[in-house]
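Engineer: Encoded as C-alpha cells, here's the structure I'll be asking about.
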Amino acid sequence: MKAKYTLSIITFGFFIATACEKLLPVSPYENAVLDGTIKDLTTAETAQFLRGDAAFAKVFTANTGLGPLFVSNSCISCHAGDGKGHPSTSLIRFGQTDETGNKFLLLGGPQLQHRAITGFNPENIPSGASQATFIAPSNTGLGFLEAVSDADILALSDPDDKDNDGISGIPNWIELANFLTPKPNAITKNGKYIGRFGRKAGVYNLFNQTVNAYNQDMGIVSAYSPNDTYSKEALDPEVTNAEIADVVHYLQTLKAPIQRSVESTEVKAGKELFVKNQCGACHTPSMKTANSTIQGLNNKTFAAYTDLLMHDMGKDLDDNYTEGSAKTFEWRTTPLWGLGLAKDSQGGKVHLMHDGRAKSIEEAILLHSGEALKSRQKYAALSSKEKQELIKFLESL
Amino acid sequence: MKKTYLFWLFLLGLTQNIFAQIDTTLFRRKPILDSTKMNIDAVYSRPFLQVGRTPLGVGGYAEMNTNFGITDGIGEGFSFQMRRMTLFLGGSLHQKIKFMSEIEFEDGTKEINIEFAAIDFQFNNLFNFRGGIIMNPIGAFNQNHDGPKWEFSDRPISATQMLPATFSNVGMGFYGKKYSKQWVFAYEAYLTNGFDETIIDNGNSRTSLPTAKANKNRFEESSNGQALFTGKIAIRNRKIGEFGLSYMGGVYNKFQDDGFILAPKRALNVFAIDFNTTIKKTKTSIITEWAWVNVDLPNNYAVQYGSKQSGGFVDIVQPVYKKPLLGFPNSTFNIACRIERVDWNVGKFTETGDKIYDEVISIMPAISWRPIPSTVIRFNYRIQKQWDLLGNPPSKTGVFQLGVSSYF
C-alpha cells in the first residue's frame with residue numbers, strides 16, 4: 001500500500017515537473033517588442049541599463065518630489081513599453097513662434113504643466129500664446145540617433161534644394177543649455193548647435209532630454225536644472241546625478257526596433273514603392289553612427305528612416321509654435337522604425353503625427369504636405385494593392 | 001541552570017494541561033448546514049490552546065510556500081517564502097468581557113503588525129460593544145483571512161491590491177447577531193481612524209487603498225480628524241448560505257491643518273458583497289466577494305489614479321477523496337479553483353473616449369490535502385493576464401506554488 005502511495009506521489013511530481021515548462025508563458029519574439037538592449041553590452045553596461053530601467057519606471061509622489069506642477073508621474077507612464085505615447089499623456093508647449101525665442105518663459109513657458117498635486121492648481125495657457133500638442137515619441141534606438149555625427153546630418157541637408165527634388169531639409173540650430181557639453185566634432189553655426197531630439201529637434205542629446213523631462217514633465221529638479229516650475233526657485237535636487245546618468249545610459253542602450261516579415265513579398269514590394277515615391281528622401285533608410293565608447297553603438301549602420309532634419313510639412317501641420325531656429329511649419333522627420341509596433345504601446349490603436357491626430361498609417365501619409373506633397377500625391381495615385389504593400393512595409397518596421 | 005530547569009518543568013506542566021479546542025466550523029469541508037457561524041465570528045472561530053482552566057487562550061497559524069513564476073518568459077527563479085506567522089492571544093476577563101488579539105509577522109520580520117486587539121463587551125447576542133484595534137469588516141476576506149482556511153497560498157488580488165487585506169484601525173463600535181430558526185442575521189458598525197492621501201499619491205501609480213496600511217500613525221491619530229465608518233450586515237440561511245453587504249466610507253484627505261482650510265473634503269466610498277455556501281449534495285464550497293471603490297479625486301489629477309475600481313474573486317472547492325490516509329483518519333483531498341478580476345481604473349480616457357484598462361484577470365487551479373482540518377498542504381498554479389493603463393498587450397504570468405499552512 002505504501003509503495004502504491006509512493007509511486008503515485010512520484011508520478012504526480014514527475015507530471016508537475018514536466019508540465020511546468022509547458023504551462024509557463026514564453027517570451028514574446030524579440031522583434032515583437034521594443035524593450036531590450038543593444039548588442040555587445042559589457043556586464044557593467046548591462047548593470048547600468050538595469051538601474052536606468054528601474055529609474056525610468058520609478059513613480060514619483062508628492063513626498064518624493066513630484067510637481068507641484070507636472071504632466072505625468074514617471075517616465076514610463078508616457079512611454080509605455082518604450083513605445084510611442086498615448087493622447088492621455090501628451091503635453092502642450094506654448095509661446096514661441098519664431099527663432100527669436102519664447103516670449104512666455106516668465107508665464108510658465110515653454111511647457112504646460114496641466115496637472116498638480118493636491119493643494120495646487122494646474123497651469124493654464126497664458127492669453128495670446130500659441131500652442132502645440134506633442135505626443136511622446138518612442139524611446140528605442142535613440143542611442144544610434146545620438147551617435148550620428150553632425151557632419152553626417154549636415155551632409156543630408158539641402159537647404160537650397162540644389163538637387164531640385166523639392167526636398168530641402170535643414171538642421172534646427174539651438175542654443176545649448178548651460179549644463180551641456182558639446183560632443184566631439186560638433187558643428188556650430190553662429191554659436192548654435194544641431195538639435196536632434198524632439199518633434200522640433202529642439203533637444204541636443206539624451207542627457208538634455210532626460211534633465212528637461214524630469215523638470216518639465218514631472219516637476220523633479222536636479223543639480224542640472226534646479227529651478228522648480230512652480231516657484232521658479234532653485235531647490236535641492238530631487239533626483240541624483242547618478243540616476244540621471246543611469247536613465248541616459250538606458251535610453252542610449254535600448255535596442256533599435258527589429259523589422260519583421262522582411263522576406264514577405266508584399267513588404268519587399270512596399271519597400272520599392274517607398275523608395276520610388278521619394279518617401280526615403282526625408283525618411284532616410286540608412287544612417288551610420290560615429291565612434292562611440294559603447295561598443296554596440298560604435299560605427300554601426302542602422303535603418304531608422306529619418307534624416308534628423310527639419311522639413312516644411314505644410315500649413316495643415318503648422319501649429320504656430322516652434323523651438324530653436326525652426327519655422328512653425330517645420331517638423332523633424334520622425335523615425336519610422338517601430339511604426340508597426342506603435343499600437344502595442346498606444347492601447348491597440350495608433351495615434352500618429354506629432355499630436356496623435358492620425359488614426360492610421362494611411363491617414364498619417366495623407367496629412368503630409370509641404371515638401372512631402374509630391375510623395376503624398378504619388379501615394380494617392382497608387383492602386384489599392386500597391387497602397388496595401390506600402391503600408392505592409394511600414395507596418396513591418 | 002536552575003532557571004532553565006524550572007523553565008522546562010513549567011513547559012512540561014503546560015503540555016500536560018493544555019488541550020485543543022478546535023472549532024472547525026468555518027472550514028469549507030464541514031457542511032455549513034451544521035453551522036450558525038458567520039464571517040463576523042471569524043475572529044473567535046479559531047483553534048486555541050487553553051492553559052488548564054485559566055481564561056487565557058493562545059494560538060496562531062503559520063504559512064510558507066515555494067514560488068516559481070514567469071512573466072512573459074522572464075522570472076526571478078525559485079524562492080521559498082515565509083508568508084507569515086500569526087499569534088493569537090485572547091482571554092475572558094469576565095463572562096461577558098473578552099479580549100482578543102492577533103499579531104502578525106510577515107515575510108519573516110519584515111512587517112510586524114497588530115492586526116487585531118480589541119475588548120468585547122458582550123451584553124447580549126444582538127448588542128455587543130467592541131473597542132480597540134479592529135479589522136474593518138469590508139467584504140468577507142478582511143476578517144476571515146487566516147491562511148489555513150484557504151486552499152491557495154496567495155490571498156485574493158482584489159482583497160490585497162484593491163481592498164486592503166487585514167486592514168485594521170483603532171476605533172470602536174457595535175456588533176450583534178439574531179437567530180431565527182433557519183436564519184441568522186448579523187450586523188457590525190464601527191467608527192475608526194481611516195485612510196490618508198497616499199491612496200491617491202503612491203508608488204503604485206494607481207488609486208490604492210492598501211497603501212494606507214503603511215501609515216502606522218493611524219493607530220495614534222486620524223490623518224485628518226475624521227472618522228471612517230465601516231458597517232456590514234449579513235444573513236445566513238442554514239440551507240442556502242451566507243450573504244453579506246458591507247460599506248466603508250469617509251473623508252480621506254487632510255483638508256485642514258492648524259485651523260487653515262487646505263482643500264475641499266474628499267471622500268471615498270467602498271461597497272462590497274460576499275457570499276459563501278456549501279452545496280449539501282456534492283459538498284462543493286463556493287466563496288465569493290466583489291467590491292466597488294469610489295474615490296473623489298481632485299480635478300486634473302493624473303489619469304493613472306482612477307476614481308472608480310471594481311474587483312473580486314470566486315473560490316470553488318470540491319472535496320474529492322475523504323478517507324483515512326497515512327494515519328490521518330479525517331484526511332481530505334480537495335480540488336479547487338479561484339477566478340479573480342480587478343479593474344483598478346474604471347472609466348474612459350477624456351482624450352480618446354477609449355476604455356481605461358489597468359486590470360488583471362487570474363485563474364488559479366489548486367490541489368490541496370488536509371490531513372487534519374486545521375492544516376493544509378496546497379499546490380497552486382496561477383495563470384494571469386495583466387493589462388496596463390492603455391490596454392496594451394497584456395503581460396502573461398504563470399506561477400507554481402507548493403505551500404503549507406497550519407494553525408498551531
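We label chains A, B, ... in the order they appear in the C-alpha cells, count residues from 1 in each chain, and number ligands from 1 in the order shown.
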For the interface of chain B with chain A (cut-off 7 Å, counting only C-alpha atoms), please tabulate each contacting residue of chain B alongside its nearest pair of atoms and their separation in Å to one decimal, rows sorted by chain and increasing number, as CSV.

Structural biologist:
residue,atom,partner,partner_atom,distance
B:Ile70,CA,A:Leu24,CA,6.3
B:Thr71,CA,A:Pro25,CA,6.4
B:Asp72,CA,A:Ser27,CA,4.6
B:Gly73,CA,A:Ser27,CA,3.9
B:Ile74,CA,A:Ser27,CA,6.9
B:Asp201,CA,A:Thr61,CA,5.5
B:Asn202,CA,A:Thr61,CA,5.7
B:Gly203,CA,A:Val59,CA,5.2
B:Ser205,CA,A:Val59,CA,6.3
B:Leu262,CA,A:Gly119,CA,6.4
B:Ala263,CA,A:Gly119,CA,6.0
B:Pro298,CA,A:Thr118,CA,6.8
B:Asn300,CA,A:Arg115,CA,5.4
B:Tyr301,CA,A:Arg115,CA,5.7
B:Ala302,CA,A:Ser72,CA,6.5
B:Phe349,CA,A:Ser88,CA,6.7
B:Glu351,CA,A:Ser88,CA,5.8
B:Leu390,CA,A:Gly347,CA,4.5
B:Gly391,CA,A:Gly347,CA,4.8
B:Asn392,CA,A:Gly347,CA,4.6
B:Pro393,CA,A:Asp344,CA,6.2
B:Lys396,CA,A:Pro25,CA,6.1
B:Thr397,CA,A:Pro25,CA,6.2
B:Gly398,CA,A:Leu24,CA,5.0

Engineer: Can those selected residues be exported to a file as a CSV table (one decimal), in the first residue's frame so that it contains N, CA and C atoms?

Structural biologist:
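Writing done, so here's part.csv:
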chain,number,residue,atom,x,y,z
B,70,ILE,N,6.9,33.0,-13.8
B,70,ILE,CA,7.5,33.6,-15.0
B,70,ILE,C,6.5,34.6,-15.6
B,71,THR,N,7.0,35.7,-15.9
B,71,THR,CA,6.2,36.7,-16.6
B,71,THR,C,6.8,37.0,-18.0
B,72,ASP,N,6.0,36.7,-19.0
B,72,ASP,CA,6.5,36.8,-20.4
B,72,ASP,C,7.9,36.2,-20.6
B,73,GLY,N,8.0,35.0,-20.1
B,73,GLY,CA,9.3,34.3,-20.3
B,73,GLY,C,10.4,34.7,-19.4
B,74,ILE,N,10.2,35.7,-18.5
B,74,ILE,CA,11.3,36.1,-17.6
B,74,ILE,C,10.8,35.9,-16.2
B,201,ASP,N,-1.7,59.0,-4.1
B,201,ASP,CA,-0.3,59.5,-4.3
B,201,ASP,C,0.7,58.5,-3.8
B,202,ASN,N,1.0,57.6,-4.6
B,202,ASN,CA,1.8,56.5,-4.1
B,202,ASN,C,2.6,55.9,-5.3
B,203,GLY,N,3.6,55.0,-4.9
B,203,GLY,CA,4.5,54.4,-5.8
B,203,GLY,C,3.9,53.4,-6.7
B,205,SER,N,1.4,54.1,-8.5
B,205,SER,CA,0.8,54.9,-9.6
B,205,SER,C,-0.6,54.4,-10.0
B,262,LEU,N,-7.1,73.6,3.7
B,262,LEU,CA,-6.2,73.3,2.7
B,262,LEU,C,-6.8,72.9,1.4
B,263,ALA,N,-7.9,72.2,1.5
B,263,ALA,CA,-8.5,71.7,0.3
B,263,ALA,C,-10.0,71.3,0.6
B,298,PRO,N,-9.1,65.1,-7.0
B,298,PRO,CA,-9.0,66.5,-7.4
B,298,PRO,C,-9.2,66.6,-9.0
B,300,ASN,N,-8.2,67.5,-12.7
B,300,ASN,CA,-7.0,67.5,-13.5
B,300,ASN,C,-5.9,66.6,-12.8
B,301,TYR,N,-6.4,65.6,-12.1
B,301,TYR,CA,-5.4,64.7,-11.4
B,301,TYR,C,-4.8,63.7,-12.4
B,302,ALA,N,-3.7,63.1,-12.1
B,302,ALA,CA,-3.1,62.2,-13.0
B,302,ALA,C,-4.0,61.1,-13.4
B,349,PHE,N,-10.8,57.3,-21.2
B,349,PHE,CA,-9.9,58.5,-21.4
B,349,PHE,C,-10.7,59.7,-21.9
B,351,GLU,N,-9.4,62.1,-23.5
B,351,GLU,CA,-8.8,62.5,-24.8
B,351,GLU,C,-9.3,61.6,-25.9
B,390,LEU,N,-3.3,51.6,-20.6
B,390,LEU,CA,-3.8,51.8,-22.0
B,390,LEU,C,-4.4,50.6,-22.7
B,391,GLY,N,-4.3,49.5,-22.1
B,391,GLY,CA,-4.8,48.3,-22.7
B,391,GLY,C,-3.9,47.7,-23.7
B,392,ASN,N,-2.6,47.9,-23.6
B,392,ASN,CA,-1.6,47.3,-24.5
B,392,ASN,C,-1.6,45.8,-24.3
B,393,PRO,N,-1.0,45.0,-25.2
B,393,PRO,CA,-1.0,43.6,-25.0
B,393,PRO,C,-0.6,43.2,-23.6
B,396,LYS,N,1.8,38.2,-19.5
B,396,LYS,CA,1.2,36.9,-19.1
B,396,LYS,C,2.1,36.3,-18.0
B,397,THR,N,1.5,35.9,-16.9
B,397,THR,CA,2.3,35.3,-15.8
B,397,THR,C,1.8,33.9,-15.5
B,398,GLY,N,2.7,33.1,-15.2
B,398,GLY,CA,2.4,31.8,-14.7
B,398,GLY,C,3.2,31.5,-13.4

Engineer: Skip region 104-107 of chain A itself and residues of its chain fewer than 4 positions away, then list as a CSV table (one decimal) with N, CA and C atoms, in the first residue's frame all residues within 10 Å of it, counting only C-alpha atoms.

Structural biologist:
chain,number,residue,atom,x,y,z
A,94,PHE,N,4.0,76.0,-25.5
A,94,PHE,CA,3.4,77.2,-26.0
A,94,PHE,C,4.4,78.4,-25.9
A,95,GLY,N,4.0,79.4,-26.7
A,95,GLY,CA,4.7,80.7,-26.5
A,95,GLY,C,5.8,81.1,-27.5
A,96,GLN,N,6.3,80.2,-28.4
A,96,GLN,CA,7.4,80.6,-29.3
A,96,GLN,C,6.9,80.4,-30.7
A,111,GLN,N,6.5,74.9,-21.5
A,111,GLN,CA,5.7,73.7,-21.4
A,111,GLN,C,4.5,73.9,-20.4
A,112,LEU,N,3.4,73.4,-20.7
A,112,LEU,CA,2.2,73.5,-19.8
A,112,LEU,C,2.3,72.3,-18.9
A,123,GLU,N,-1.4,74.6,-14.3
A,123,GLU,CA,-1.2,75.8,-15.1
A,123,GLU,C,-2.3,75.9,-16.2
A,124,ASN,N,-2.5,77.1,-16.7
A,124,ASN,CA,-3.3,77.4,-17.9
A,124,ASN,C,-2.4,78.0,-18.9
A,125,ILE,N,-2.8,77.9,-20.2
A,125,ILE,CA,-2.1,78.6,-21.3
A,125,ILE,C,-2.4,80.1,-21.1
A,126,PRO,N,-1.3,80.9,-21.1
A,126,PRO,CA,-1.5,82.3,-21.0
A,126,PRO,C,-2.2,82.9,-22.2
A,127,SER,N,-2.9,83.9,-22.0
A,127,SER,CA,-3.7,84.6,-23.1
A,127,SER,C,-2.7,85.0,-24.2
A,128,GLY,N,-3.0,84.8,-25.4
A,128,GLY,CA,-2.2,85.2,-26.5
A,128,GLY,C,-1.1,84.3,-26.9
A,129,ALA,N,-0.9,83.2,-26.2
A,129,ALA,CA,0.2,82.3,-26.5
A,129,ALA,C,-0.3,81.2,-27.5
A,130,SER,N,0.5,81.0,-28.5
A,130,SER,CA,0.1,79.9,-29.5
A,130,SER,C,0.6,78.6,-28.8
A,232,LYS,N,9.6,78.8,-9.4
A,232,LYS,CA,10.8,79.3,-10.2
A,232,LYS,C,12.1,79.4,-9.3

Engineer: Need the shell around Gly202 (chain A): protein/DNA/RNA residues with any atom at most 6 Å away, counting only C-alpha atoms. Skip same-chain ones fewer than 5 positions apart. Format as a list in words?

Structural biologist: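 Within the cut-off, the hits are Gly195, Glu323 and Gly324 of chain A.
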
Engineer: Could you please take those selected residues and save all heavy atoms as a short mmCIF file (atom, residue, chain, number, x, y, z; two decimals), in the first residue's frame?

Structural biologist:
data_model
loop_
_atom_site.label_atom_id
_atom_site.label_comp_id
_atom_site.auth_asym_id
_atom_site.auth_seq_id
_atom_site.Cartn_x
_atom_site.Cartn_y
_atom_site.Cartn_z
N GLY A 195 20.26 70.48 -33.09
CA GLY A 195 19.36 69.72 -32.23
C GLY A 195 18.88 68.48 -32.97
O GLY A 195 18.78 68.49 -34.21
N GLU A 323 10.48 75.72 -31.86
CA GLU A 323 11.63 75.72 -30.94
C GLU A 323 12.89 75.95 -31.77
O GLU A 323 12.95 75.56 -32.95
CB GLU A 323 11.70 74.36 -30.21
CG GLU A 323 10.51 74.12 -29.29
CD GLU A 323 10.38 72.69 -28.80
OE1 GLU A 323 11.28 71.87 -29.09
OE2 GLU A 323 9.38 72.39 -28.16
N GLY A 324 13.90 76.56 -31.15
CA GLY A 324 15.16 76.80 -31.85
C GLY A 324 14.97 77.71 -33.04
O GLY A 324 14.19 78.68 -32.99
#

Engineer: Quick one: residues within 9 Å of Asn215 (chain B), only C-alpha atoms counted, chain neighbours fewer than 5 positions away excluded, as a list in words?

Structural biologist: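 Residues meeting the cut-off are Phe195, Asp196 and Thr198 of chain B.
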
Engineer: Filtering to C-alpha atoms, could you give me those residues as a compact mmCIF listing (two decimals), in the first residue's frame?

Structural biologist:
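As a result, selection.txt now contains:
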# COMPACT_ATOMS: atom_id res chain seq x y z
CA PHE B 195 -7.24 56.47 5.16
CA ASP B 196 -4.91 59.24 4.07
CA THR B 198 -1.30 58.22 -0.06

Engineer: Assign secondary structure with DSSP using the backbone only, and return the residues of region 140-231 of chain A in alpha helix (DSSP H) as a list in words.

Structural biologist: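 For region 140-231 of chain A, the alpha helix (DSSP H) set is Leu142, Gly143, Phe144, Leu145, Glu146, Asp150, Ala151, Asp152, Ile153, Leu154, Ala155, Leu156, Leu206, Phe207, Asn208, Gln209, Thr210, Val211, Asn212 and Met218 of chain A.
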
Engineer: Any idea what's packed within 10 Å of Tyr204 (chain A), counting only C-alpha atoms, ignoring anything in its chain fewer than 6 positions away? Could you give it as a PyMOL selection string?

Structural biologist: chain A and resi 146+172-177+180-183+193-198

Engineer: Find the residues around Thr192 (chain B) up to 9 Å (only C-alpha atoms counted), leave out those fewer than 2 positions away in its own chain, and share them as a list in words.

Structural biologist: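 What passes the distance filter is Ile133, Ile134, Asn136, Ser168, Asn169, Val170, Gly171, Met172, Gly173, Tyr190, Gly194, Ser222, Gln226, Ala227, Leu228, Phe229 and Thr230 of chain B.
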
Engineer: Closest to Gly327 (chain B) among B:Gly312, B:Gly108, B:Pro365, B:Pro371, using only C-alpha atoms?

Structural biologist: B:Pro371

Engineer: Could you jot down the CA of Gly259 (chain B) to CA of Ile200 (chain B) separation for me, Å, one decimal place?

Structural biologist: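 Going from CA of Gly259 (chain B) over to CA of Ile200 (chain B) covers 23.6 Å.
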
Engineer: Just list the residues in region 147-317 of chain A DSSP gives strand (DSSP E or B) on the backbone, as an mmCIF file with N, CA, C and O atoms, in the first residue's frame.

Structural biologist:
data_model
loop_
_atom_site.group_PDB
_atom_site.id
_atom_site.type_symbol
_atom_site.label_atom_id
_atom_site.label_comp_id
_atom_site.auth_asym_id
_atom_site.auth_seq_id
_atom_site.Cartn_x
_atom_site.Cartn_y
_atom_site.Cartn_z
ATOM 1 N N ILE A 170 16.754 70.992 -43.276
ATOM 2 C CA ILE A 170 17.765 71.808 -42.604
ATOM 3 C C ILE A 170 17.811 71.428 -41.124
ATOM 4 O O ILE A 170 16.803 70.991 -40.564
ATOM 5 N N ASN A 172 17.911 72.001 -37.092
ATOM 6 C CA ASN A 172 17.419 73.007 -36.159
ATOM 7 C C ASN A 172 18.611 73.446 -35.319
ATOM 8 O O ASN A 172 19.154 72.647 -34.557
ATOM 9 N N TRP A 173 19.022 74.676 -35.485
ATOM 10 C CA TRP A 173 20.161 75.193 -34.735
ATOM 11 C C TRP A 173 19.650 75.718 -33.401
ATOM 12 O O TRP A 173 18.785 76.595 -33.375
ATOM 13 N N ILE A 174 20.192 75.162 -32.322
ATOM 14 C CA ILE A 174 19.674 75.521 -30.994
ATOM 15 C C ILE A 174 20.806 76.012 -30.087
ATOM 16 O O ILE A 174 21.971 75.693 -30.310
ATOM 17 N N THR A 188 29.063 73.991 -35.341
ATOM 18 C CA THR A 188 28.260 75.108 -34.837
ATOM 19 C C THR A 188 27.952 76.101 -35.950
ATOM 20 O O THR A 188 28.623 76.123 -36.989
ATOM 21 N N LYS A 189 26.953 76.907 -35.693
ATOM 22 C CA LYS A 189 26.591 77.978 -36.624
ATOM 23 C C LYS A 189 26.113 79.148 -35.769
ATOM 24 O O LYS A 189 25.101 79.024 -35.062
ATOM 25 N N LYS A 192 25.431 78.284 -32.293
ATOM 26 C CA LYS A 192 24.340 77.340 -32.031
ATOM 27 C C LYS A 192 24.722 75.943 -32.523
ATOM 28 O O LYS A 192 25.597 75.791 -33.377
ATOM 29 N N TYR A 193 24.033 74.955 -31.974
ATOM 30 C CA TYR A 193 24.366 73.553 -32.259
ATOM 31 C C TYR A 193 23.166 72.828 -32.895
ATOM 32 O O TYR A 193 22.029 73.291 -32.812
ATOM 33 N N ILE A 194 23.448 71.698 -33.479
ATOM 34 C CA ILE A 194 22.383 70.938 -34.148
ATOM 35 C C ILE A 194 21.555 70.168 -33.116
ATOM 36 O O ILE A 194 22.078 69.334 -32.387
ATOM 37 N N GLY A 195 20.264 70.483 -33.089
ATOM 38 C CA GLY A 195 19.363 69.720 -32.229
ATOM 39 C C GLY A 195 18.883 68.483 -32.972
ATOM 40 O O GLY A 195 18.779 68.490 -34.205
ATOM 41 N N PHE A 197 16.725 65.776 -31.096
ATOM 42 C CA PHE A 197 15.643 65.032 -30.440
ATOM 43 C C PHE A 197 14.428 65.930 -30.216
ATOM 44 O O PHE A 197 14.554 67.134 -30.068
ATOM 45 N N VAL A 203 16.098 69.564 -28.896
ATOM 46 C CA VAL A 203 16.876 68.982 -27.798
ATOM 47 C C VAL A 203 18.199 68.457 -28.346
ATOM 48 O O VAL A 203 18.227 67.771 -29.380
ATOM 49 N N ASN A 227 15.688 74.776 -10.983
ATOM 50 C CA ASN A 227 14.550 75.674 -10.746
ATOM 51 C C ASN A 227 13.209 74.952 -10.867
ATOM 52 O O ASN A 227 12.909 74.318 -11.885
ATOM 53 N N ALA A 234 15.327 77.941 -7.103
ATOM 54 C CA ALA A 234 16.241 76.794 -7.128
ATOM 55 C C ALA A 234 16.036 75.981 -5.852
ATOM 56 O O ALA A 234 16.060 76.533 -4.749
ATOM 57 N N LEU A 254 18.956 51.140 -25.261
ATOM 58 C CA LEU A 254 17.764 50.396 -25.691
ATOM 59 C C LEU A 254 17.956 49.986 -27.149
ATOM 60 O O LEU A 254 18.403 50.788 -27.964
ATOM 61 N N MET A 287 21.498 55.084 -42.012
ATOM 62 C CA MET A 287 22.435 56.044 -41.414
ATOM 63 C C MET A 287 23.520 55.250 -40.728
ATOM 64 O O MET A 287 23.409 54.027 -40.568
ATOM 65 N N LYS A 288 24.555 55.947 -40.269
ATOM 66 C CA LYS A 288 25.599 55.232 -39.525
ATOM 67 C C LYS A 288 26.027 56.071 -38.326
ATOM 68 O O LYS A 288 25.917 57.313 -38.332
ATOM 69 N N THR A 301 25.789 50.715 -38.811
ATOM 70 C CA THR A 301 24.812 51.178 -39.796
ATOM 71 C C THR A 301 23.425 50.746 -39.311
ATOM 72 O O THR A 301 23.258 49.630 -38.817
ATOM 73 N N PHE A 302 22.473 51.617 -39.428
ATOM 74 C CA PHE A 302 21.131 51.291 -38.930
ATOM 75 C C PHE A 302 20.064 51.921 -39.830
ATOM 76 O O PHE A 302 20.347 52.829 -40.621
ATOM 77 N N MET A 310 14.856 69.137 -40.300
ATOM 78 C CA MET A 310 13.551 69.791 -40.294
ATOM 79 C C MET A 310 13.056 69.954 -41.727
ATOM 80 O O MET A 310 13.828 70.287 -42.632
ATOM 81 N N HIS A 311 11.753 69.711 -41.890
ATOM 82 C CA HIS A 311 11.159 69.855 -43.221
ATOM 83 C C HIS A 311 9.840 70.624 -43.119
ATOM 84 O O HIS A 311 9.104 70.483 -42.144
ATOM 85 N N ASP A 312 9.574 71.384 -44.162
ATOM 86 C CA ASP A 312 8.284 72.066 -44.277
ATOM 87 C C ASP A 312 7.207 70.992 -44.491
ATOM 88 O O ASP A 312 7.268 70.232 -45.454
#

Engineer: Do you have the CA of Thr66 (chain B)-CA of Gln401 (chain B) distance handy?

Structural biologist: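 Here the two named atoms are 5.2 Å from each other.
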
Engineer: If we count only C-alpha atoms and set the cut-off at 12 Å, which residues sit around Gly249 (chain B), ignoring sequence neighbours fewer than 2 positions away in its own chain? Please answer as a ChimeraX atom specification.

Structural biologist: /B:136-138,189-195,209,226-232,246-247,251-252,266-272,292-296

Engineer: Nearest to Ile135 (chain A): which of A:Gly109, A:Gly356, A:Gly52, A:Pro237 is it, counting only C-alpha atoms?

Structural biologist: A:Gly356
